[in-house]
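Dropping structure_10.cif in here (mmCIF, C-alpha atoms and all ligand atoms):
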data_structure
#
loop_
_atom_site.label_atom_id
_atom_site.label_comp_id
_atom_site.auth_asym_id
_atom_site.auth_seq_id
_atom_site.Cartn_x
_atom_site.Cartn_y
_atom_site.Cartn_z
CA MET A 8 57.75 98.43 68.69
CA LYS A 9 61.44 97.87 67.97
CA LYS A 10 63.42 96.50 70.90
CA THR A 11 67.08 97.11 71.70
CA ILE A 12 69.16 93.97 71.54
CA GLY A 13 71.91 92.67 73.81
CA PHE A 14 74.31 89.79 73.22
CA ILE A 15 75.69 87.83 76.16
CA GLY A 16 78.83 86.35 74.59
CA GLY A 17 80.72 88.07 71.80
CA GLY A 18 82.59 85.13 70.30
CA ASN A 19 82.37 83.65 66.80
CA MET A 20 78.59 83.40 66.59
CA GLY A 21 77.78 86.50 68.66
CA ARG A 22 80.06 88.56 66.46
CA ALA A 23 78.65 87.07 63.23
CA MET A 24 75.09 87.97 64.30
CA MET A 25 76.01 91.48 65.45
CA ALA A 26 77.88 92.18 62.22
CA GLY A 27 75.05 90.76 60.11
CA LEU A 28 72.44 92.78 61.97
CA LEU A 29 74.35 96.04 61.58
CA LYS A 30 75.15 95.38 57.93
CA SER A 31 71.44 94.87 57.24
CA GLY A 32 70.69 98.37 58.58
CA GLN A 33 67.97 96.93 60.82
CA TYR A 34 69.91 98.04 63.92
CA GLN A 35 72.24 100.94 64.59
CA PRO A 36 75.37 100.33 66.73
CA THR A 37 73.83 102.43 69.56
CA GLU A 38 70.96 99.91 69.80
CA VAL A 39 73.20 96.84 70.18
CA TYR A 40 74.72 95.90 73.56
CA VAL A 41 77.26 93.20 74.28
CA PHE A 42 78.60 91.63 77.43
CA ASP A 43 81.61 89.33 77.37
CA PRO A 44 83.89 88.69 80.37
CA SER A 45 86.89 89.23 78.11
CA VAL A 46 87.82 92.94 78.09
CA LYS A 47 89.76 92.28 74.88
CA VAL A 48 86.67 90.86 73.15
CA ARG A 49 84.47 93.76 74.34
CA LYS A 50 87.01 96.35 73.20
CA HIS A 51 87.46 94.67 69.82
CA LEU A 52 83.70 94.60 69.21
CA GLU A 53 83.38 98.23 70.26
CA ASP A 54 86.26 99.28 67.99
CA THR A 55 85.29 97.26 64.94
CA LEU A 56 81.47 97.27 65.05
CA GLY A 57 80.75 100.31 67.24
CA VAL A 58 78.39 98.31 69.50
CA GLN A 59 77.89 99.24 73.17
CA PRO A 60 79.84 97.06 75.60
CA THR A 61 78.51 96.65 79.15
CA THR A 62 80.83 95.79 82.01
CA THR A 63 78.32 93.53 83.75
CA VAL A 64 75.75 91.06 82.52
CA GLU A 65 73.18 92.79 84.77
CA ASP A 66 73.67 96.07 82.88
CA LEU A 67 73.05 94.30 79.63
CA VAL A 68 69.84 92.67 80.88
CA ASP A 69 68.55 96.05 82.13
CA ASN A 70 69.22 97.73 78.77
CA ALA A 71 68.08 95.17 76.21
CA GLY A 72 64.56 94.36 75.03
CA ILE A 73 65.90 91.24 73.34
CA ILE A 74 68.58 89.21 75.12
CA VAL A 75 70.63 86.79 73.01
CA LEU A 76 72.50 84.08 74.91
CA ALA A 77 75.53 83.40 72.72
CA VAL A 78 77.75 81.51 75.16
CA LYS A 79 78.98 77.93 75.05
CA PRO A 80 76.45 75.36 76.32
CA GLN A 81 78.89 74.54 79.18
CA VAL A 82 78.64 78.06 80.65
CA LEU A 83 74.98 78.67 79.90
CA ASN A 84 73.72 77.48 83.30
CA GLN A 85 76.10 79.85 85.03
CA VAL A 86 74.76 82.74 82.90
CA LEU A 87 71.13 81.71 83.53
CA ALA A 88 71.81 81.72 87.30
CA LYS A 89 73.21 85.24 87.00
CA ILE A 90 70.29 86.71 85.06
CA ASN A 91 67.53 84.73 86.80
CA GLY A 92 65.07 87.08 88.53
CA ARG A 93 66.32 90.04 86.53
CA VAL A 94 64.74 89.17 83.17
CA ASN A 95 61.15 90.38 82.90
CA GLU A 96 58.11 88.97 81.10
CA GLN A 97 58.23 91.62 78.33
CA GLN A 98 61.76 90.79 77.23
CA LEU A 99 62.55 88.13 74.63
CA VAL A 100 65.26 85.65 75.63
CA ILE A 101 66.92 83.97 72.66
CA SER A 102 69.36 81.10 73.19
CA ILE A 103 71.54 79.85 70.35
CA ALA A 104 73.30 77.19 72.44
CA ALA A 105 73.55 73.78 70.81
CA GLY A 106 71.88 70.98 72.76
CA VAL A 107 69.98 73.23 75.18
CA THR A 108 66.20 72.80 75.02
CA LEU A 109 63.44 75.32 75.75
CA ALA A 110 62.50 73.20 78.79
CA GLN A 111 66.07 73.47 80.11
CA LEU A 112 66.02 77.24 79.59
CA ALA A 113 62.69 77.48 81.41
CA ALA A 114 64.11 75.41 84.28
CA GLY A 115 66.95 77.90 84.69
CA LEU A 116 64.83 81.06 84.61
CA THR A 117 61.92 81.90 86.90
CA GLY A 118 58.69 83.39 85.54
CA ARG A 119 56.44 83.11 82.50
CA LEU A 120 59.26 84.25 80.26
CA LYS A 121 59.27 84.51 76.48
CA LEU A 122 61.90 81.96 75.45
CA ILE A 123 63.18 81.37 71.94
CA ARG A 124 65.64 78.73 70.80
CA VAL A 125 67.50 79.51 67.59
CA MET A 126 70.11 77.59 65.66
CA PRO A 127 71.91 80.08 63.39
CA ASN A 128 75.19 79.66 61.48
CA THR A 129 78.34 81.73 60.93
CA PRO A 130 77.57 82.86 57.33
CA ALA A 131 75.30 85.37 59.14
CA LEU A 132 78.48 87.46 59.14
CA VAL A 133 78.11 88.04 55.40
CA GLY A 134 74.30 88.17 55.31
CA ALA A 135 73.95 84.58 54.09
CA GLY A 136 73.02 82.76 57.30
CA MET A 137 70.44 80.01 57.81
CA ALA A 138 68.55 79.98 61.09
CA ALA A 139 65.83 77.80 62.60
CA ILE A 140 63.57 79.23 65.31
CA ALA A 141 61.49 77.43 67.96
CA THR A 142 59.54 79.23 70.70
CA ASN A 143 57.83 78.44 73.98
CA GLU A 144 54.13 79.00 74.77
CA ASN A 145 54.67 82.53 76.12
CA VAL A 146 55.82 83.88 72.75
CA ASP A 147 52.93 85.25 70.67
CA GLU A 148 52.65 85.30 66.85
CA GLN A 149 53.91 88.88 66.59
CA GLU A 150 56.99 88.11 68.69
CA LYS A 151 57.64 84.97 66.66
CA GLN A 152 57.51 87.17 63.55
CA LEU A 153 59.89 89.62 65.19
CA ALA A 154 62.41 86.81 65.70
CA VAL A 155 62.01 85.73 62.06
CA THR A 156 62.54 89.33 60.88
CA LEU A 157 65.60 89.65 63.10
CA PHE A 158 67.30 86.50 61.83
CA SER A 159 66.13 87.14 58.23
CA SER A 160 68.08 90.38 58.26
CA PHE A 161 71.26 88.36 57.81
CA GLY A 162 70.05 85.35 55.84
CA LEU A 163 67.13 82.93 55.76
CA ALA A 164 65.11 82.12 58.89
CA LYS A 165 62.37 79.56 59.40
CA VAL A 166 60.17 78.61 62.36
CA VAL A 167 60.44 74.85 63.06
CA PRO A 168 59.05 72.49 65.71
CA GLU A 169 61.70 72.19 68.40
CA HIS A 170 62.46 68.51 67.71
CA LEU A 171 63.80 69.47 64.25
CA ILE A 172 66.56 71.59 65.76
CA ASP A 173 68.74 68.44 65.99
CA ALA A 174 68.49 68.05 62.20
CA VAL A 175 69.13 71.76 61.74
CA VAL A 176 72.36 71.61 63.76
CA GLY A 177 73.48 68.67 61.60
CA VAL A 178 72.69 70.40 58.31
CA SER A 179 73.09 74.17 58.63
CA GLY A 180 74.43 74.88 62.14
CA SER A 181 77.55 72.73 61.74
CA GLY A 182 77.23 72.51 57.94
CA PRO A 183 79.56 75.38 57.06
CA ALA A 184 82.47 73.40 58.55
CA TYR A 185 81.88 70.46 56.19
CA VAL A 186 81.54 72.83 53.24
CA TYR A 187 84.86 74.49 54.14
CA LEU A 188 86.49 71.04 54.23
CA PHE A 189 85.05 70.39 50.77
CA ILE A 190 86.26 73.76 49.45
CA GLU A 191 89.70 73.15 50.92
CA ALA A 192 89.85 69.70 49.33
CA LEU A 193 88.73 71.05 45.93
CA ALA A 194 91.32 73.82 46.13
CA ASP A 195 94.10 71.42 47.19
CA SER A 196 93.23 69.27 44.19
CA ALA A 197 93.50 72.28 41.88
CA VAL A 198 96.89 73.10 43.42
CA LEU A 199 97.95 69.50 42.80
CA GLU A 200 97.03 70.06 39.14
CA GLY A 201 99.24 73.17 39.07
CA MET A 202 96.88 76.05 39.86
CA PRO A 203 98.16 78.87 42.14
CA ARG A 204 96.58 78.50 45.60
CA LYS A 205 94.91 81.92 45.65
CA ASP A 206 93.10 81.17 42.40
CA ALA A 207 92.26 77.66 43.61
CA TYR A 208 90.19 78.96 46.58
CA GLU A 209 88.33 81.33 44.26
CA PHE A 210 87.50 78.57 41.75
CA ALA A 211 86.43 76.20 44.51
CA ALA A 212 84.34 78.68 46.55
CA GLN A 213 82.63 80.23 43.52
CA THR A 214 81.68 76.72 42.35
CA VAL A 215 80.03 75.96 45.70
CA LEU A 216 78.32 79.37 45.78
CA GLY A 217 77.05 79.05 42.19
CA SER A 218 75.80 75.50 42.71
CA ALA A 219 73.95 76.50 45.89
CA LYS A 220 72.39 79.46 44.07
CA MET A 221 71.22 77.13 41.27
CA VAL A 222 69.41 74.94 43.81
CA LEU A 223 67.79 77.91 45.58
CA GLU A 224 66.88 79.94 42.52
CA THR A 225 65.82 77.28 40.01
CA ARG A 226 64.16 75.03 42.65
CA GLU A 227 65.20 72.13 40.39
CA HIS A 228 65.90 68.78 42.03
CA PRO A 229 69.67 68.64 42.77
CA GLY A 230 69.77 65.32 40.88
CA ASN A 231 68.53 67.06 37.70
CA LEU A 232 71.10 69.81 38.12
CA LYS A 233 73.80 67.14 38.53
CA ASP A 234 72.59 65.39 35.36
CA MET A 235 72.90 68.68 33.45
CA VAL A 236 76.64 68.75 34.24
CA CYS A 237 77.28 65.12 33.28
CA SER A 238 77.89 64.71 29.54
CA PRO A 239 77.69 61.09 28.30
CA ALA A 240 81.13 59.46 28.58
CA GLY A 241 82.39 62.86 29.75
CA THR A 242 84.61 64.17 32.49
CA THR A 243 82.01 64.80 35.21
CA ILE A 244 80.46 61.34 35.28
CA THR A 245 83.99 59.97 35.64
CA GLY A 246 84.37 62.06 38.82
CA VAL A 247 80.88 61.23 40.09
CA ARG A 248 81.77 57.54 39.86
CA VAL A 249 84.81 58.10 42.10
CA LEU A 250 82.70 59.93 44.68
CA GLU A 251 80.02 57.22 44.66
CA THR A 252 82.63 54.45 44.92
CA GLY A 253 84.01 56.26 48.00
CA GLY A 254 80.54 56.44 49.55
CA PHE A 255 80.36 60.24 49.43
CA ARG A 256 76.62 60.61 50.03
CA GLY A 257 76.51 57.92 52.71
CA LEU A 258 79.42 59.61 54.47
CA VAL A 259 77.62 62.98 54.43
CA MET A 260 74.45 61.37 55.81
CA ASP A 261 76.42 59.61 58.55
CA THR A 262 78.06 62.93 59.40
CA VAL A 263 74.77 64.81 59.78
CA HIS A 264 73.31 61.93 61.79
CA ALA A 265 76.31 61.92 64.16
CA VAL A 266 75.98 65.68 64.72
CA ALA A 267 72.21 65.48 65.32
CA GLU A 268 72.82 62.60 67.74
CA LYS A 269 75.48 64.62 69.58
CA ASN A 270 73.03 67.52 69.88
CA ARG A 271 70.40 65.14 71.35
CA GLN A 272 72.94 63.73 73.81
CA MET A 273 73.97 67.22 74.92
CA ALA A 274 70.32 67.88 75.84
CA GLU A 275 70.11 64.81 78.13
N1 LIG B 1 80.11 78.80 66.07
C1 LIG B 1 79.07 78.38 65.39
O1 LIG B 1 79.13 78.13 64.18
C2 LIG B 1 77.72 78.25 66.07
C3 LIG B 1 77.62 78.31 67.43
N2 LIG B 1 76.37 78.15 68.02
C4 LIG B 1 76.27 78.25 69.48
O2 LIG B 1 76.68 79.55 69.82
C5 LIG B 1 77.24 79.55 71.12
C6 LIG B 1 78.55 80.31 71.10
O3 LIG B 1 79.44 79.63 70.26
P1 LIG B 1 80.70 80.38 69.65
O4 LIG B 1 80.37 81.80 69.38
O5 LIG B 1 81.20 79.52 68.55
O6 LIG B 1 81.69 80.30 70.91
P2 LIG B 1 82.95 81.25 71.23
O7 LIG B 1 83.80 80.49 72.18
O8 LIG B 1 83.54 81.79 69.98
O9 LIG B 1 82.27 82.47 72.02
C7 LIG B 1 81.75 82.39 73.30
C8 LIG B 1 82.00 83.72 73.99
O10 LIG B 1 81.37 83.67 75.26
C9 LIG B 1 82.18 84.37 76.16
N3 LIG B 1 81.84 83.97 77.53
C10 LIG B 1 82.39 83.00 78.30
N4 LIG B 1 81.80 82.99 79.52
C11 LIG B 1 80.87 83.98 79.50
C12 LIG B 1 79.94 84.48 80.46
N5 LIG B 1 79.85 83.96 81.68
N6 LIG B 1 79.12 85.52 80.10
C13 LIG B 1 79.20 86.05 78.85
N7 LIG B 1 80.06 85.61 77.90
C14 LIG B 1 80.88 84.60 78.23
C15 LIG B 1 83.60 84.02 75.76
O11 LIG B 1 84.54 84.98 76.24
C16 LIG B 1 83.48 84.03 74.23
O12 LIG B 1 83.81 85.30 73.69
C17 LIG B 1 77.36 78.09 71.55
O13 LIG B 1 76.37 77.79 72.48
C18 LIG B 1 77.17 77.32 70.26
O14 LIG B 1 76.52 76.10 70.50
C19 LIG B 1 75.24 77.98 67.29
C20 LIG B 1 75.29 77.93 65.93
C21 LIG B 1 76.54 78.02 65.20
O1 LIG B 2 80.11 72.99 67.15
C1 LIG B 2 79.17 73.41 67.83
O2 LIG B 2 78.82 72.82 68.86
C2 LIG B 2 78.41 74.65 67.39
C3 LIG B 2 76.94 74.41 67.21
C4 LIG B 2 76.69 74.46 65.73
C5 LIG B 2 77.96 74.94 65.18
N1 LIG B 2 78.87 75.06 66.10
#
I'd like the structure from this file rewritten - as structure tokens, please.
Ligand SMILES: NC(=O)C1=CN([C@@H]2O[C@H](COP(=O)(O)OP(=O)(O)OC[C@H]3O[C@@H](n4cnc5c(N)ncnc54)[C@H](O)[C@@H]3O)[C@@H](O)[C@H]2O)C=CC1
Ligand SMILES: O=C(O)[C@@H]1CCC=N1
Amino acid sequence: MKKTIGFIGGGNMGRAMMAGLLKSGQYQPTEVYVFDPSVKVRKHLEDTLGVQPTTTVEDLVDNAGIIVLAVKPQVLNQVLAKINGRVNEQQLVISIAAGVTLAQLAAGLTGRLKLIRVMPNTPALVGAGMAAIATNENVDEQEKQLAVTLFSSFGLAKVVPEHLIDAVVGVSGSGPAYVYLFIEALADSAVLEGMPRKDAYEFAAQTVLGSAKMVLETREHPGNLKDMVCSPAGTTITGVRVLETGGFRGLVMDTVHAVAEKNRQMAE
């Protein structure tokens, strides 16, 4: 049976998920609740998405079959303390907080609760998210599937063993930020060559979108796809040499490793 859903925290990620969910048609605005201590945030979400704001976190917990914890890791314990004892064993509790493990969630909430840890990303807002899902022992196969269906409504969603969430944060959770840096750099370079800025963002973003689609749809090795762009003694291989000389791939790997390591440290 379909469950109503409530978001505790209506910031960047909460909003992206709510918008993605509504856009998919899987949920109607009357079935989506949100609690955020900021009246301005609640009002904005009500006005723009039509979702149902609650004035207390307790109201949200009493109304939602699925509770999504979309607050910063630093305030999560405070929220867990507030909802502890109120959440029942039929509800699904989904946390998207970076660096917070299922064991830490279980320690903050009493009972044999169904706990799910998800690492989504902001492209959920436009239906192109990537989410990883890990569950505790109280979540059955059907409920796991429900979580996959939920997060698939605004992108791709995969169940992973919990230890892989650190890698997921490094690649897809934080990944959009690195891609935006890359797009900005590509666009700045086009501007340097004389292209109007508005066009430059379009050329840069469409190139990233098209290249990603090629990887996903052809399932070709990215190295083969790169080779297809590089004509002998041509322009592309000249650019690839510059990137390799600058240690581009090593830098990306170091970046993802640093983020995964930060996520591990946050869980300590
Ligand atoms: N932004 C991103 O790309 C991603 C964020 N996450 C995780 O999502 C969570 C939220 O991150 P953002 O949305 O970026 O943060 P944000 O700062 O944009 O939003 C957090 C919201 O929580 C609200 N809030 C503060 N105290 C609260 C309380 N006691 N009860 C209810 N709401 C409260 C704030 O008013 C704010 O609107 C974090 O744990 C983060 O690790 C996960 C994946 C991607
Ligand atoms: O920066 C952060 O901590 C969050 C988690 C993944 C993306 N943003």
Just give me the residues with any atom within 6 Å of (59.5, 81.8, 69.5), file coordinates, counting all atoms listed in the file, written as a list in words.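 Looking at atoms near the point gives Ile123, Ala141, Thr142, Asn143, Val146 and Lys151 of chain A.
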Around ligand LIG 1 (chain B), out to 8 Å and counting only C-alpha atoms and all ligand atoms, which residues are there? I want them as number ranges by chain. A: 15-22, 42-45, 48, 64, 76-83, 85-86, 102-106, 125-129, 176, 180-181, 183
Contact residues around Tyr185 in chain A with all atoms listed in the file at 10 Å, ignoring same-chain residues under 6 positions, as a PyMOL selection string: chain A and resi 178-179+191+259+262-263
Kindly indicate which residue among A:Met137, A:Leu122, A:Ala211, A:Leu67 lies nearest to Ala164 in chain A, using only C-alpha atoms for the distances.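 Of all the options, A:Met137 lies closest to Ala164 in chain A.
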Which one of A:Leu258, A:Ala184, A:Leu163, A:Leu29 sits closest to ligand LIG 2 (chain B) if you count all atoms listed in the file?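 Smallest separation from ligand LIG 2 (chain B) among the options: A:Ala184.
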Measuring atom to atom with all atoms listed in the file, identify which of A:Gly115, A:Gly230, A:Gly134, A:Pro36 is nearest to Leu56 in chain A.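 Checking each of A:Gly115, A:Gly230, A:Gly134, A:Pro36 against Leu56 in chain A, counting all atoms listed in the file, the winner is A:Pro36.
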Of the residues A:Leu171, A:Val133, A:Val107, A:Lys165, which is the one nearest to ligand LIG 2 (chain B), using all atoms listed in the file? A:Val107
Between CA of Gly118 in chain A and CA of Gln59 in chain A, what is the distance, to one decimal in Å?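 Separation between CA of Gly118 in chain A and CA of Gln59 in chain A: 27.8 Å.
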Distance criterion (all atoms listed in the file): nearest to ligand LIG 2 (chain B) out of A:Ala138, A:Leu188, A:Leu193, A:Ala219: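 Closest to ligand LIG 2 (chain B) of all the choices is A:Ala138.
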Around ligand LIG 2 (chain B), fit a box with edges along x, y and z, padding it by 5 Å on each side, then list its centre and edge lengths in Å to one decimal as lines of an AutoDock Vina configuration file.
center_x = 78.4
center_y = 73.9
center_z = 67.0
size_x = 13.4
size_y = 12.2
size_z = 13.7
So the first atom is CA of Val167 in chain A and the second is CA of Ala154 in chain A; what is the distance between them in Å, to one decimal place?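 These two atoms are separated by 12.4 Å.
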Would you please work out which residue, of A:Met221, A:Ala135, A:Val186, A:Ala212, is nearest to Lys233 in chain A when using all atoms listed in the file?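 Under the stated criterion, the closest residue is A:Met221.
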What is the CA of Gly92 in chain A-CA of Asp69 in chain A distance in Å, reported with one decimal?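 So the two atoms, CA of Gly92 in chain A and CA of Asp69 in chain A, lie 11.6 Å apart.
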Give as a PyMOL selection string the set of residues within 7 Å of the point (65.5, 93.7, 67.1), where distances use the file's coordinates and all atoms listed in the file. chain A and resi 9-12+34+73+157
Resulting file, chosen residues, C-alpha atoms, as a CSV table (one decimal), keeping the file's coordinate frame:
chain,number,residue,atom,x,y,z
A,9,LYS,CA,61.4,97.9,68.0
A,10,LYS,CA,63.4,96.5,70.9
A,11,THR,CA,67.1,97.1,71.7
A,12,ILE,CA,69.2,94.0,71.5
A,34,TYR,CA,69.9,98.0,63.9
A,73,ILE,CA,65.9,91.2,73.3
A,157,LEU,CA,65.6,89.6,63.1
